[in-house]
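> Provided herewith: data.pdb, PDB, C-alpha atoms, pLDDT in the B column.
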ATOM      1  CA  MET A 759     -32.004-126.072  19.029  1.00 42.00           C
ATOM      2  CA  MET A 760     -33.848-123.159  20.647  1.00 42.00           C
ATOM      3  CA  LYS A 761     -36.416-121.393  18.490  1.00 45.00           C
ATOM      4  CA  PRO A 762     -36.089-117.595  18.350  1.00 45.00           C
ATOM      5  CA  SER A 763     -38.732-115.804  20.362  1.00 46.00           C
ATOM      6  CA  LEU A 764     -41.485-113.755  18.764  1.00 43.00           C
ATOM      7  CA  THR A 765     -40.032-110.596  20.341  1.00 44.00           C
ATOM      8  CA  LEU A 766     -36.621-111.278  18.791  1.00 42.00           C
ATOM      9  CA  LEU A 767     -38.120-111.910  15.354  1.00 43.00           C
ATOM     10  CA  LEU A 768     -40.149-108.707  15.579  1.00 42.00           C
ATOM     11  CA  PHE A 769     -37.045-106.739  16.625  1.00 43.00           C
ATOM     12  CA  LEU A 770     -35.000-108.122  13.703  1.00 45.00           C
ATOM     13  CA  SER A 771     -37.806-107.329  11.272  1.00 48.00           C
ATOM     14  CA  LEU A 772     -38.032-103.740  12.489  1.00 43.00           C
ATOM     15  CA  MET A 773     -34.260-103.329  12.280  1.00 44.00           C
ATOM     16  CA  SER A 774     -34.320-104.654   8.714  1.00 44.00           C
ATOM     17  CA  ILE A 775     -37.080-102.217   7.750  1.00 41.00           C
ATOM     18  CA  ALA A 776     -35.276 -99.313   9.406  1.00 41.00           C
ATOM     19  CA  PHE A 777     -32.020-100.129   7.650  1.00 39.00           C
ATOM     20  CA  THR A 778     -33.711-100.366   4.278  1.00 39.00           C
ATOM     21  CA  ALA A 779     -35.447 -97.020   4.781  1.00 38.00           C
ATOM     22  CA  GLN A 780     -32.204 -95.303   5.662  1.00 43.00           C
ATOM     23  CA  ALA A 781     -30.144 -97.002   2.991  1.00 41.00           C
ATOM     24  CA  LYS A 782     -32.193 -95.967  -0.066  1.00 51.00           C
ATOM     25  CA  ILE A 783     -33.531 -92.791  -1.586  1.00 55.00           C
ATOM     26  CA  TYR A 784     -35.989 -93.209  -4.477  1.00 56.00           C
ATOM     27  CA  GLN A 785     -35.927 -90.734  -7.346  1.00 61.00           C
ATOM     28  CA  TRP A 786     -38.326 -90.822 -10.271  1.00 61.00           C
ATOM     29  CA  THR A 787     -39.892 -88.566 -12.893  1.00 68.00           C
ATOM     30  CA  ASP A 788     -43.649 -88.558 -13.428  1.00 65.00           C
ATOM     31  CA  SER A 789     -45.542 -88.258 -16.735  1.00 65.00           C
ATOM     32  CA  ASN A 790     -45.417 -84.445 -16.480  1.00 63.00           C
ATOM     33  CA  GLY A 791     -41.644 -84.435 -16.266  1.00 63.00           C
ATOM     34  CA  GLN A 792     -41.664 -83.575 -12.531  1.00 60.00           C
ATOM     35  CA  LYS A 793     -38.786 -85.096 -10.566  1.00 59.00           C
ATOM     36  CA  HIS A 794     -39.638 -86.749  -7.228  1.00 56.00           C
ATOM     37  CA  PHE A 795     -37.555 -87.847  -4.200  1.00 56.00           C
ATOM     38  CA  SER A 796     -38.670 -90.127  -1.366  1.00 57.00           C
ATOM     39  CA  GLN A 797     -37.645 -92.923   0.967  1.00 53.00           C
ATOM     40  CA  THR A 798     -40.541 -95.097  -0.245  1.00 62.00           C
ATOM     41  CA  PRO A 799     -41.186 -96.528  -3.739  1.00 64.00           C
ATOM     42  CA  PRO A 800     -43.480 -94.460  -6.026  1.00 65.00           C
ATOM     43  CA  PRO A 801     -47.167 -95.445  -6.023  1.00 63.00           C
ATOM     44  CA  LYS A 802     -48.922 -96.922  -9.060  1.00 56.00           C
ATOM     45  CA  VAL A 803     -51.044 -94.364 -10.858  1.00 46.00           C
ATOM     46  CA  GLN A 804     -54.554 -95.365 -12.077  1.00 44.00           C
ATOM     47  CA  GLY A 805     -53.642 -98.994 -12.483  1.00 48.00           C
ATOM     48  CA  LYS A 806     -50.547 -98.207 -14.534  1.00 49.00           C
ATOM     49  CA  LYS A 807     -47.100 -99.378 -13.679  1.00 50.00           C
ATOM     50  CA  ALA A 808     -44.976 -97.026 -11.644  1.00 47.00           C
ATOM     51  CA  PRO A 809     -42.315 -95.131 -13.607  1.00 46.00           C
ATOM     52  CA  LYS A 810     -38.731 -96.347 -13.679  1.00 47.00           C
ATOM     53  CA  VAL A 811     -37.040 -95.692 -10.356  1.00 43.00           C
ATOM     54  CA  GLU A 812     -33.420 -94.872  -9.661  1.00 46.00           C
ATOM     55  CA  ILE A 813     -32.355 -96.153  -6.240  1.00 42.00           C
ATOM     56  CA  ARG A 814     -29.823 -93.832  -4.665  1.00 45.00           C
ATOM     57  CA  LYS A 815     -27.683 -95.180  -1.852  1.00 44.00           C
ATOM     58  CA  GLU A 816     -27.143 -92.818   1.086  1.00 42.00           C
ATOM     59  CA  LYS A 817     -23.411 -93.303   0.833  1.00 43.00           C
ATOM     60  CA  PHE A 818     -22.393 -90.188  -0.954  1.00 40.00           C
ATOM     61  CA  LYS A 819     -19.935 -90.986  -3.699  1.00 44.00           C
ATOM     62  CA  VAL A 820     -17.093 -88.603  -4.335  1.00 41.00           C
ATOM     63  CA  ASN A 821     -17.069 -87.566  -7.985  1.00 44.00           C
ATOM     64  CA  ARG A 822     -14.483 -84.834  -7.656  1.00 59.00           C
ATOM     65  CA  GLY A 823     -10.920 -85.349  -6.534  1.00 83.00           C
ATOM     66  CA  VAL A 824      -8.243 -83.090  -5.090  1.00 90.00           C
ATOM     67  CA  LYS A 825      -7.314 -80.216  -7.396  1.00 90.00           C
ATOM     68  CA  LYS A 826      -3.882 -78.635  -7.136  1.00 88.00           C
ATOM     69  CA  THR A 827      -3.507 -74.989  -8.110  1.00 88.00           C
ATOM     70  CA  LYS A 828      -0.873 -72.285  -7.656  1.00 87.00           C
ATOM     71  CA  ASN A 829      -2.855 -71.166  -4.587  1.00 86.00           C
ATOM     72  CA  GLY A 830      -2.849 -74.622  -2.964  1.00 90.00           C
ATOM     73  CA  SER A 831      -4.824 -77.866  -3.034  1.00 92.00           C
ATOM     74  CA  PHE A 832      -8.630 -77.940  -2.920  1.00 94.00           C
ATOM     75  CA  CYS A 833     -11.616 -80.266  -2.727  1.00 94.00           C
ATOM     76  CA  GLY A 834     -14.186 -78.062  -4.428  1.00 91.00           C
ATOM     77  CA  GLU A 835     -14.231 -74.909  -2.275  1.00 90.00           C
ATOM     78  CA  ILE A 836     -12.442 -76.579   0.659  1.00 93.00           C
ATOM     79  CA  SER A 837      -8.788 -75.577   1.059  1.00 93.00           C
ATOM     80  CA  LEU A 838      -6.525 -78.416   2.215  1.00 94.00           C
ATOM     81  CA  PRO A 839      -3.862 -77.546   4.828  1.00 92.00           C
ATOM     82  CA  VAL A 840      -0.232 -77.767   3.730  1.00 90.00           C
ATOM     83  CA  SER A 841       2.952 -77.205   5.751  1.00 89.00           C
ATOM     84  CA  ASP A 842       6.598 -78.028   5.118  1.00 90.00           C
ATOM     85  CA  ASP A 843       6.916 -79.027   8.776  1.00 90.00           C
ATOM     86  CA  PRO A 844       5.531 -82.601   9.121  1.00 91.00           C
ATOM     87  CA  VAL A 845       4.615 -82.045  12.793  1.00 90.00           C
ATOM     88  CA  ILE A 846       2.517 -78.961  12.025  1.00 89.00           C
ATOM     89  CA  GLN A 847       1.060 -80.694   8.966  1.00 92.00           C
ATOM     90  CA  LEU A 848      -0.067 -83.718  10.978  1.00 92.00           C
ATOM     91  CA  ALA A 849      -1.585 -81.527  13.698  1.00 91.00           C
ATOM     92  CA  ASN A 850      -3.486 -79.432  11.127  1.00 91.00           C
ATOM     93  CA  VAL A 851      -4.752 -82.468   9.210  1.00 94.00           C
ATOM     94  CA  GLU A 852      -5.941 -84.329  12.323  1.00 92.00           C
ATOM     95  CA  TYR A 853      -7.769 -81.228  13.551  1.00 92.00           C
ATOM     96  CA  ARG A 854      -9.496 -80.643  10.207  1.00 93.00           C
ATOM     97  CA  GLN A 855     -10.275 -84.353   9.787  1.00 94.00           C
ATOM     98  CA  LYS A 856     -12.301 -84.384  12.995  1.00 93.00           C
ATOM     99  CA  HIS A 857     -14.358 -81.352  11.982  1.00 94.00           C
ATOM    100  CA  TRP A 858     -14.860 -82.540   8.406  1.00 95.00           C
ATOM    101  CA  LEU A 859     -16.349 -85.790   9.711  1.00 94.00           C
ATOM    102  CA  GLU A 860     -18.708 -83.839  11.999  1.00 95.00           C
ATOM    103  CA  ASP A 861     -19.742 -81.658   9.035  1.00 93.00           C
ATOM    104  CA  ILE A 862     -20.402 -84.756   6.903  1.00 93.00           C
ATOM    105  CA  GLN A 863     -22.708 -86.197   9.549  1.00 92.00           C
ATOM    106  CA  ARG A 864     -24.599 -82.893   9.869  1.00 91.00           C
ATOM    107  CA  GLN A 865     -24.978 -82.528   6.099  1.00 89.00           C
ATOM    108  CA  GLN A 866     -26.256 -86.094   5.760  1.00 89.00           C
ATOM    109  CA  LYS A 867     -28.967 -85.372   8.339  1.00 88.00           C
ATOM    110  CA  ARG A 868     -29.887 -82.159   6.514  1.00 86.00           C
ATOM    111  CA  LEU A 869     -30.086 -83.984   3.189  1.00 85.00           C
ATOM    112  CA  ARG A 870     -32.442 -86.629   4.596  1.00 84.00           C
ATOM    113  CA  LYS A 871     -34.622 -83.828   5.970  1.00 83.00           C
ATOM    114  CA  PHE A 872     -34.655 -82.054   2.592  1.00 80.00           C
ATOM    115  CA  PHE A 873     -35.599 -85.308   0.817  1.00 77.00           C
ATOM    116  CA  ASP A 874     -38.515 -85.805   3.216  1.00 76.00           C
ATOM    117  CA  GLU A 875     -39.696 -82.213   2.673  1.00 76.00           C
ATOM    118  CA  GLN A 876     -39.309 -82.596  -1.096  1.00 71.00           C
ATOM    119  CA  TYR A 877     -41.431 -85.732  -1.020  1.00 69.00           C
ATOM    120  CA  GLU A 878     -44.164 -83.808   0.809  1.00 66.00           C
ATOM    121  CA  PHE A 879     -43.867 -81.008  -1.744  1.00 65.00           C
ATOM    122  CA  ASP A 880     -44.086 -83.423  -4.698  1.00 64.00           C
ATOM    123  CA  SER A 881     -47.083 -85.170  -3.134  1.00 65.00           C
ATOM    124  CA  ASN A 882     -49.016 -81.915  -2.587  1.00 64.00           C
ATOM    125  CA  PRO A 883     -49.149 -79.540  -5.594  1.00 59.00           C
ATOM    126  CA  ASN A 884     -50.606 -76.776  -3.402  1.00 59.00           C
ATOM    127  CA  MET A 885     -47.659 -76.879  -1.027  1.00 56.00           C
ATOM    128  CA  SER A 886     -44.809 -74.378  -1.375  1.00 59.00           C
ATOM    129  CA  GLY A 887     -41.134 -75.105  -0.762  1.00 63.00           C
ATOM    130  CA  ASP A 888     -39.267 -76.779  -3.635  1.00 67.00           C
ATOM    131  CA  ASN A 889     -36.035 -78.184  -2.177  1.00 69.00           C
ATOM    132  CA  SER A 890     -34.516 -79.501  -5.415  1.00 75.00           C
ATOM    133  CA  GLY A 891     -32.019 -76.629  -5.583  1.00 80.00           C
ATOM    134  CA  ILE A 892     -30.842 -76.912  -1.988  1.00 82.00           C
ATOM    135  CA  ILE A 893     -30.660 -80.712  -2.322  1.00 82.00           C
ATOM    136  CA  LYS A 894     -28.248 -80.297  -5.224  1.00 85.00           C
ATOM    137  CA  ARG A 895     -26.108 -77.794  -3.306  1.00 88.00           C
ATOM    138  CA  THR A 896     -26.051 -80.018  -0.204  1.00 87.00           C
ATOM    139  CA  GLU A 897     -25.001 -83.037  -2.276  1.00 88.00           C
ATOM    140  CA  GLN A 898     -22.232 -80.953  -3.834  1.00 90.00           C
ATOM    141  CA  ASN A 899     -21.064 -79.831  -0.389  1.00 90.00           C
ATOM    142  CA  LEU A 900     -21.061 -83.437   0.786  1.00 91.00           C
ATOM    143  CA  GLU A 901     -18.902 -84.440  -2.167  1.00 92.00           C
ATOM    144  CA  ASP A 902     -16.355 -81.772  -1.213  1.00 94.00           C
ATOM    145  CA  LEU A 903     -16.374 -82.855   2.442  1.00 94.00           C
ATOM    146  CA  GLU A 904     -16.011 -86.534   1.557  1.00 93.00           C
ATOM    147  CA  CYS A 905     -13.122 -85.657  -0.776  1.00 94.00           C
ATOM    148  CA  ALA A 906     -11.372 -83.644   1.959  1.00 95.00           C
ATOM    149  CA  HIS A 907     -11.970 -86.318   4.610  1.00 95.00           C
ATOM    150  CA  SER A 908     -10.607 -89.076   2.342  1.00 94.00           C
ATOM    151  CA  TRP A 909      -7.548 -86.941   1.618  1.00 95.00           C
ATOM    152  CA  SER A 910      -7.000 -86.341   5.351  1.00 95.00           C
ATOM    153  CA  LYS A 911      -7.026 -90.084   6.068  1.00 94.00           C
ATOM    154  CA  ARG A 912      -4.406 -90.677   3.373  1.00 94.00           C
ATOM    155  CA  GLU A 913      -2.314 -87.797   4.705  1.00 94.00           C
ATOM    156  CA  THR A 914      -2.383 -89.007   8.324  1.00 93.00           C
ATOM    157  CA  ALA A 915      -1.428 -92.498   7.144  1.00 92.00           C
ATOM    158  CA  ARG A 916       1.512 -90.988   5.277  1.00 91.00           C
ATOM    159  CA  LEU A 917       2.629 -89.140   8.418  1.00 91.00           C
ATOM    160  CA  PHE A 918       1.886 -91.924  10.919  1.00 88.00           C
ATOM    161  CA  THR A 919       5.533 -92.038  12.147  1.00 90.00           C
ATOM    162  CA  VAL A 920       5.720 -88.298  12.890  1.00 90.00           C
ATOM    163  CA  ARG A 921       4.247 -88.454  16.400  1.00 87.00           C
ATOM    164  CA  LYS A 922       6.423 -91.395  17.457  1.00 89.00           C
ATOM    165  CA  ASP A 923       9.596 -89.802  16.042  1.00 91.00           C
ATOM    166  CA  THR A 924       8.804 -86.501  17.770  1.00 90.00           C
ATOM    167  CA  GLU A 925       8.329 -88.180  21.146  1.00 91.00           C
ATOM    168  CA  GLU A 926      11.584 -90.131  20.755  1.00 93.00           C
ATOM    169  CA  LYS A 927      13.541 -86.990  19.789  1.00 93.00           C
ATOM    170  CA  LEU A 928      12.040 -85.080  22.707  1.00 93.00           C
ATOM    171  CA  GLU A 929      13.089 -87.761  25.177  1.00 95.00           C
ATOM    172  CA  ALA A 930      16.621 -87.839  23.723  1.00 94.00           C
ATOM    173  CA  ILE A 931      16.997 -84.046  23.973  1.00 94.00           C
ATOM    174  CA  ARG A 932      15.742 -84.118  27.561  1.00 93.00           C
ATOM    175  CA  GLU A 933      18.443 -86.628  28.485  1.00 94.00           C
ATOM    176  CA  GLU A 934      21.134 -84.568  26.709  1.00 93.00           C
ATOM    177  CA  TYR A 935      19.994 -81.401  28.454  1.00 91.00           C
ATOM    178  CA  ALA A 936      20.011 -83.126  31.840  1.00 91.00           C
ATOM    179  CA  GLU A 937      23.638 -84.174  31.285  1.00 90.00           C
ATOM    180  CA  ILE A 938      24.694 -80.634  30.296  1.00 88.00           C
ATOM    181  CA  LYS A 939      22.737 -79.043  33.110  1.00 85.00           C
ATOM    182  CA  ASN A 940      24.437 -81.289  35.662  1.00 86.00           C
ATOM    183  CA  ARG A 941      27.879 -81.172  34.016  1.00 85.00           C
ATOM    184  CA  CYS A 942      29.399 -79.491  37.103  1.00 85.00           C
ATOM    185  CA  GLY A 943      27.767 -81.854  39.544  1.00 83.00           C
ATOM    186  CA  GLU A 944      25.415 -80.997  42.360  1.00 77.00           C
ATOM    187  CA  LYS A 945      25.454 -77.381  43.467  1.00 74.00           C
ATOM    188  CA  PRO A 946      27.168 -76.962  46.896  1.00 78.00           C
ATOM    189  CA  ASP A 947      24.918 -75.793  49.686  1.00 78.00           C
ATOM    190  CA  ILE A 948      27.002 -72.664  50.280  1.00 72.00           C
ATOM    191  CA  GLN A 949      25.974 -69.031  49.970  1.00 74.00           C
ATOM    192  CA  GLY A 950      28.266 -66.015  49.773  1.00 74.00           C
ATOM    193  CA  TRP A 951      32.079 -66.036  49.894  1.00 76.00           C
ATOM    194  CA  THR A 952      33.836 -69.314  50.755  1.00 78.00           C
ATOM    195  CA  ASN A 953      37.236 -70.997  50.722  1.00 81.00           C
ATOM    196  CA  ASP A 954      35.711 -74.417  50.082  1.00 82.00           C
ATOM    197  CA  LYS A 955      37.655 -75.942  47.164  1.00 82.00           C
ATOM    198  CA  GLU A 956      34.727 -77.981  45.840  1.00 81.00           C
ATOM    199  CA  ALA A 957      32.481 -74.916  45.836  1.00 81.00           C
ATOM    200  CA  ILE A 958      35.166 -72.845  44.048  1.00 81.00           C
ATOM    201  CA  GLU A 959      35.655 -75.539  41.401  1.00 83.00           C
ATOM    202  CA  TRP A 960      31.896 -75.817  40.904  1.00 80.00           C
ATOM    203  CA  ALA A 961      31.617 -72.025  40.466  1.00 81.00           C
ATOM    204  CA  LYS A 962      34.474 -72.015  37.908  1.00 84.00           C
ATOM    205  CA  CYS A 963      32.796 -74.814  35.965  1.00 86.00           C
ATOM    206  CA  GLU A 964      29.447 -73.042  35.959  1.00 81.00           C
ATOM    207  CA  SER A 965      30.978 -69.749  34.834  1.00 83.00           C
ATOM    208  CA  ASN A 966      32.826 -71.357  31.924  1.00 83.00           C
ATOM    209  CA  SER A 967      31.598 -69.508  28.816  1.00 75.00           C
ATOM    210  CA  SER A 968      31.626 -72.543  26.519  1.00 82.00           C
ATOM    211  CA  GLY A 969      29.633 -74.518  29.084  1.00 83.00           C
ATOM    212  CA  ILE A 970      27.005 -71.786  29.429  1.00 81.00           C
ATOM    213  CA  SER A 971      26.725 -71.464  25.653  1.00 86.00           C
ATOM    214  CA  LYS A 972      26.223 -75.217  25.237  1.00 86.00           C
ATOM    215  CA  HIS A 973      23.649 -75.227  28.040  1.00 85.00           C
ATOM    216  CA  ASN A 974      21.637 -72.382  26.513  1.00 87.00           C
ATOM    217  CA  LYS A 975      21.736 -73.896  23.026  1.00 90.00           C
ATOM    218  CA  LYS A 976      20.444 -77.254  24.253  1.00 89.00           C
ATOM    219  CA  LEU A 977      17.780 -75.524  26.358  1.00 90.00           C
ATOM    220  CA  ARG A 978      16.467 -73.662  23.280  1.00 93.00           C
ATOM    221  CA  GLU A 979      16.414 -76.933  21.349  1.00 92.00           C
ATOM    222  CA  LEU A 980      14.468 -78.606  24.158  1.00 92.00           C
ATOM    223  CA  LYS A 981      11.884 -75.814  24.333  1.00 93.00           C
ATOM    224  CA  ALA A 982      11.365 -75.938  20.556  1.00 90.00           C
ATOM    225  CA  MET A 983      10.824 -79.718  20.594  1.00 90.00           C
ATOM    226  CA  GLU A 984       8.457 -79.480  23.568  1.00 91.00           C
ATOM    227  CA  SER A 985       6.444 -76.897  21.649  1.00 89.00           C
ATOM    228  CA  LYS A 986       6.154 -79.241  18.648  1.00 84.00           C
ATOM    229  CA  ALA A 987       5.114 -82.145  20.856  1.00 86.00           C
ATOM    230  CA  SER A 988       2.431 -80.004  22.503  1.00 87.00           C
ATOM    231  CA  ILE A 989       1.008 -79.157  19.048  1.00 82.00           C
ATOM    232  CA  LEU A 990       0.507 -82.834  18.272  1.00 81.00           C
ATOM    233  CA  ASN A 991      -1.179 -83.483  21.623  1.00 76.00           C
ATOM    234  CA  SER A 992      -3.542 -80.483  21.494  1.00 67.00           C
ATOM    235  CA  GLU A 993      -7.225 -81.008  20.688  1.00 58.00           C
TER     236      GLU A 993
END
So, in terms of structure tokens, how does the structure I just supplied come out?

Amino acid sequence: MMKPSLTLLLFLSLMSIAFTAQAKIYQWTDSNGQKHFSQTPPPKVQGKKAPKVEIRKEKFKVNRGVKKTKNGSFCGEISLPVSDDPVIQLANVEYRQKHWLEDIQRQQKRLRKFFDEQYEFDSNPNMSGDNSGIIKRTEQNLEDLECAHSWSKRETARLFTVRKDTEEKLEAIREEYAEIKNRCGEKPDIQGWTNDKEAIEWAKCESNSSGISKHNKKLRELKAMESKASILNSE
């Protein structure tokens, strides 16, 4: 069996250290009642044991769920999109889901930065810039975003057949329209007045009022379905 190289062992050790540093946030209160945040354990003070430490995972837990009101559904201050049309609903949810995930990632980076700054502030009494308030607000915002993103994943799962059904209906309407459009056969290559019987019959068929009405109705239906399909495929 091949022994792992020193370089590989060093790489794995560094990865383990990096993961641990990113996975935990240490919070403790000193003897003066001052709360501290850091990514490293608290130091021992004058030979005494370090105070009790709460290890906070950087996976932000959602404590608040979706709230339904007469004005709609909300995750905190975030309004959740709602539409009676399942196609529009799916398009809205997928669009918001993408941006909520981007916001979550940005807020997580901000929170790590605020924790680092707070640790510097707690370590240096002469330093200004207490971030405890903004840390609390950022955590609250993250809870709302996580709530909304979780809701969006459940909603898209509920509507997972909408896109497939829309595409199938669109294809069916296209075929129906093609049949109606070509109901009189191929247009004769004749312009102006003619005695050609086939051309006269074709013109009579095309001018039939019920045929024109059916054609226009199916064309409107096709345009409406194409519009819905384009909504689902838009970024």
> With the PyMOL selection byres ((chain A and resi 822-836) around 9) as the selection, what would be picked from this file? Answer as a PyMOL selection string, please.
chain A and resi 820-821+837-840+898-899+901-906+909
> Report, in Å with one decimal, the straight-line distance from CA of Glu964 (chain A) to CA of Gly950 (chain A).
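We find that CA of Glu964 (chain A) and CA of Gly950 (chain A) lie 15.5 Å from each other.
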> Identify which of the residues A:Thr914, A:Phe872, A:Gln865, A:Glu934 lies closest to Tyr853 (chain A), counting only C-alpha atoms when measuring atom-to-atom distances.
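Selected residue with least distance to Tyr853 (chain A): A:Thr914.
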> Run the PyMOL selection byres ((chain A and resi 917-925) around 9) against the file shown and list the residues it catches, as JSON, numbers by chain.
{"A": [844, 845, 847, 848, 912, 913, 914, 915, 916, 926, 927, 928, 929, 930, 983, 986, 987, 990]}
> What gap, in Å, lies between CA of Ile893 (chain A) and CA of His907 (chain A)?
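Interatomic distance, CA of Ile893 (chain A) to CA of His907 (chain A): 20.7 Å.
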> Starting from the shown file, work through the PyMOL selection byres ((chain A and resi 939-949) around 7) and note down what comes out as a PyMOL selection string.
chain A and resi 935-938+950-951+957+960+963-964+973
> Could you tell me how far CA of Glu979 (chain A) lies from CA of Ile931 (chain A), in Å and to one decimal?
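Distance reported for this atom pair: 7.6 Å.
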> Find, counting only C-alpha atoms, the residue in A:Lys894, A:Lys972, A:Lys981, A:Lys955 that gets nearest to Arg932 (chain A).
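The answer is A:Lys981, which sits nearest to Arg932 (chain A).
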